[in-house]
Amino acid sequence: MDIPWLYDIVILFLLSIGVTIACNKMKLPTTVGFLLTGVLCGPSLLGIIQDRTGIGHVAEIGVAMLLFTIGMELSGDALNRLKRPVFLGGGLQLGLTVLAVAGLVKLYGLSWQKGVFWGCLAALSSSAIVLRIMQERAATSTPAGRLSLAILVFQDIMVAPMMLGVPLLAGILELSFKNALFSVLQVGAVLGGVLLFARYGLHRLMEVVVRVRTREILLLTTLGLCMGMALLTSSLGLSLSLGAFLAGLMLARSQYSMSVIAGILPYRDVFMSLFFISVGMMLNLDFFNDHFFSIILITALFIIVKALLTLPSVLMQGYPLRTGLIASLTLAQVGEFSFVLAASGMKADLLDMYEYQFFLGVSVLTMMLTPGLIAAAPRLAALAAAGCGKTQAARKGGAEETSGCSLEDHLIIVGFGLSGKHLAQAARELSIPYIILEMNPETVNRYQGKEPITHGDASQPVVLEYLCAEKARVLAIIISDPSAVRAITIEARRMNPNLHIVARTRFVTEIGPLRNLGANDVIAEEFETSIEVFSRVLTQYLVPSQDIDNFAARFRQENYRLLRRLAVTVNPLDMVAHRLPDMGVQTIRLAADSPLCAASLAECALRKKYGVTVIAIHRQGTVDASPGPDTHFEADDIVYLFGQTDRLYTVRPLFAGSKGGARVTSGKIGTSVAS
C-alpha cells in the first residue's frame with residue numbers, strides 16, 4: 001500500500017524532533033525549529049520531500065485550527081475586561097504600522113495596494129513565540145506583558161478582516177452591483193443561519209454531547225463544527241480560516257468551551273507545526289546567500305521601525321517609557337499569520353517570488369532574534385529611560401523636588417495590587433505615613449483622591465526623589481516585574497543606604513541576587529506558598545497547630561541558611577549576623593487568655609524552657625527596657641523577644657493563647673526575618 005504523503009509526514013516529524021531539540025539547547029523558539037526543518041527538507045537543501053502541495057494542504061488545516069482556538073479565546077467578557085489596551089493600544093499599533101509601511105512602499109514606487117498589504121504583513125507579531133517566552137520568564141503579569149498580550153489579541157482579531165481584504169487589494173474581487181448583491185445576500189443568509197444555530201441549537205447540541213460523557217464524541221463534534229464552518233465559508237468563495245474563526249466565536253459562548261478547547265489543542269499544535277515546516281520549505285537558500293547583507297540590513301531596520309511604531313500605542317495609555325520600550329521590543333518580529341497573509345498575497349499577485357523570498361528571510365531572522373530581544377529589553381529600556389529621565393530632570397530644573405511629597409520616616413508602596421492594598425490599609429489604620437506608586441494609569445485614576453497614590457516608574461531616580469525616598473523608612477516593592485524589582489532596589493539603595501527595602505519575588509532563586517543588590521527582606525511567593533500548602537494539608541490530618549508551627553519554623557530556618565549562603569556580605573552588620581547565626585528579634589502581642597498573663601518573667605522561665613529572652617515590654621505607651629525577673633505580664637502587652645529563629649516561631653502559640661495566632665513582626669540582626 002503506497003501512501004507518498006504519509007512517507008513525507010513521517011520524515012518531517014522525525015527530522016523536526018532532532019531540529020527542535022537542538023534549537024531548545026540554543027534557547028531558540030520551537031517555531032524556529034519547525035522553520036529550519038522545512039528549510040532542511042526543502043528543494044534548496046536536501047530536497048527529500050516530494051509532495052509539497054499535499055503538505056501545504058495539510059498545513060492549511062493547522063491555520064484554520066489556530067484561528068478556531070483564537071476565536072474561542074476571544075469571548076465577549078475577555079474583550080470587555082481588556083477593551084482599552086486591546087482596542088486603543090492594538091488599534092494604534094496596527095494603524096500606525098500599516099500607514100507608515102504603506103507610505104514607505106509608496107515612496108519606493110510601488111502601488112498603494114501593495115503598500116497596505118506590506119503594512120499588514122509588518123504589523124502582525126508572533127503570538128506563539130511571544131506568549132511562550134513570556135510564560136517561561138514569568139512575565140505575563142507584568143505591565144509590559146499585559147500590554148503585549150492586549151496588542152496581540154487585537155492583531156488576532158484583525159486577521160480575518162485582513163484575509164478578506166486581500167482579494168479587494170488585489171483587484172480580483174468582482175464588484176458589479178448584481179454580483180455584489182447576490183454575494184451579500186448569500187453570505188447574509190448563511191451567516192444568519194449560523195447565528196440562529198449558535199443562539200438556539202448549539203447549546204442543546206453540546207449539552208447532548210457532553211451528557212454522553214465520551215471524550216471522543218466531544219472531540220468529533222468540535223472538529224465537525226470547526227471544519228464544517230470552514231468548508232461552508234470556502235464554498236462561498238471565502239477562506240477556510242474565516243469559517244474556523246467564526247466557529248470558534250460561536251463555541252466561545254458555550255459553557256463547555258474550556259472542555260472543547262482542551263481537546264483540540266494537541267491537534268492544532270501538530271497541524272501548525274506542519275504549517276511552519278511548509279513555510280520553511282519555501283525559503284530558497286541560494287537567494288538568502290546572494291542577498292545576505294541586504295536581508296540583514298532590512299531585518300535590523302524592521303526591528304527598529306516596528307519597535308518605534310509600537311511605542312506610541314503604549315505611551316498613549318499613560319505608561320512610562322521603560323514599559324513602552326519593553327513591550328515594543330517584545331513585539332518586534334513577524335507573526336505566524338503574516339505567513340498566511342503572504343501565501344494569500346502570492347496567489348493574488350500582490351507578492352512576486354523575489355519579494356516573497358525577501359519576506360521569508362527577514363521573517364525567520366526576526367523570529368530567531370526574538371528570545372534575545374525579549375531578554376535584553378529590560379536592560380535596553382532601563383538605559384534609554386535613565387537617559388531620558390536625566391534630560392527631563394535637567395529641563396525641569398529641579399521642579400520635581402518642590403512638587404514631591406513632604407513626608408518623612410514614611411512607607412513607600414510600589415505596586416497597588418492586592419498586596420499593596422492590604423499594606424496600605426494596615427498603614428492607614430496604624431497611622432503610618434505612606435505614599436503609593438503605581439504604573440497602571442487606570443488604577444491611579446480609580447484611587448485618585450481616595451489614597452495618596454501617584455503614577456510613575458520607581459526605577460527612575462527622579463521618581464524616587466519625588467517620593468522622598470532619601471527620607472523614607474521602608475520601601476515595599478510589590479510588583480510582578482523581576483527586572484523592575486532589581487532596578488528599583490539598586491536605585492533606592494544608592495539613594496538611601498539606611499532605607500529598609502522589602503521586595504516580593506516569585507521564585508526562591510531570585511532571593512540571593514536581590515539581597516546582593518541591597519534588599520533587606522525578600523519574600524518569595526514560591527516558598528511562602530509551599531509553607532501555606534503543607535500547613536493546610538497537615539490541618540486536615542488533625543496535626544496539632546504547635547507541630548505545624550514547628551515544621552514551618554524549621555523550614556523557614558533552613559531557607560534563611562540558604563539565603564546567607566546565597567547572599568554576599570556587603571556591610572559590617574552582616575558580619576554580626578554571621579557571628580550570631582539564626583538570631584532574630586520578634587514582637588508579639590500577649591493574648592488575654594494566654595497562660596503567661598499575670599505570671600512573672602521568673603515564673604515563665606522562657607529562657608530556660610524555650611531559649612528566648614524578653615528584652616523589652618511595651619505597655620500603655622511606655623517601654624520597659626530590660627525588664628527584671630519580677631516583672632509581670634499583662635494582657636495586650638507587646639513583648640520583644642530575642643533568640644534563634646526557630647525558637648521564636650515555636651514560642652508564638654504560647655503568647656497567642658487559645659486563638660492560635662498573634663500579631664507578629666519579625667526582624668533579624670543584619671538580615672531580617674520574613675514572617
# chains A, B, ... in the order shown; residues from 1 in each chain; ligands from 1
call {"tool": "residues_around", "arguments": {"residues": "A:Val334", "least_positions_apart": "4", "cutoff": "12 Å", "atoms": "only C-alpha atoms", "output": "ChimeraX atom specification"}}
result
/A:31-32,118-130,152,155,299,302-303,306-307,330,338-342,359-370
call {"tool": "atom_distance", "arguments": {"atom1": "atom CA of A:Thr443", "atom2": "atom CA of A:His455"}}
result
9.1 Å
call {"tool": "closest_residue", "arguments": {"among": "A:Asn440, A:Ser16, A:Gln620, A:Thr97", "to": "A:Val270", "atoms": "only C-alpha atoms"}}
result
A:Ser16
call {"tool": "select_by_dssp", "arguments": {"residues": "stretch 476-612 of chain A", "states": "helix (DSSP H, G or I)", "output": "MDAnalysis selection string"}}
result
chainID A and resid 482:495 508:517 525:540 545:566 572:579 601:604 606:610
call {"tool": "closest_residue", "arguments": {"among": "A:Ile432, A:Leu249, A:Ile531, A:Val153", "to": "A:Arg554", "atoms": "only C-alpha atoms"}}
result
A:Ile531
call {"tool": "residues_around", "arguments": {"residues": "A:Ile478", "least_positions_apart": "2", "cutoff": "9 Å", "atoms": "only C-alpha atoms", "output": "ChimeraX atom specification"}}
result
/A:413-417,419-420,476,480,485,502-505
call {"tool": "select_by_dssp", "arguments": {"residues": "stretch 403-509 of chain A", "states": "strand (DSSP E or B)", "output": "PyMOL selection string"}}
result
chain A and resi 411-414+434-438+448+451+453-455+474-477+500-505
call {"tool": "closest_residue", "arguments": {"among": "A:Ala469, A:Leu331, A:Met163, A:Gly89", "to": "A:Pro312", "atoms": "only C-alpha atoms"}}
result
A:Gly89
call {"tool": "residues_around", "arguments": {"residues": "stretch 281-292 of chain A", "least_positions_apart": "6", "cutoff": "8 Å", "atoms": "only C-alpha atoms", "output": "PyMOL selection string"}}
result
chain A and resi 35+38-45+357-358+360-361
call {"tool": "write_last_selection", "arguments": {"atoms": "C-alpha atoms", "output": "tab-separated table (two decimals), in the first residue's frame"}}
result
chain	number	residue	atom	x	y	z
A	35	LEU	CA	11.00	26.62	10.04
A	38	GLY	CA	11.30	22.93	6.43
A	39	VAL	CA	14.49	24.53	5.09
A	40	LEU	CA	16.36	21.22	5.51
A	41	CYS	CA	13.63	19.24	3.76
A	42	GLY	CA	13.02	21.83	1.06
A	43	PRO	CA	14.29	21.77	-2.52
A	44	SER	CA	17.05	24.32	-1.81
A	45	LEU	CA	18.90	21.96	0.55
A	357	GLN	CA	11.83	35.26	-0.58
A	358	PHE	CA	12.88	38.55	0.99
A	360	LEU	CA	10.73	34.78	4.34
A	361	GLY	CA	14.36	35.63	5.07
call {"tool": "residues_around", "arguments": {"residues": "A:Ala384", "least_positions_apart": "6", "cutoff": "10 Å", "atoms": "only C-alpha atoms", "output": "VMD selection string"}}
result
chain A and resid 321 to 322 325 378
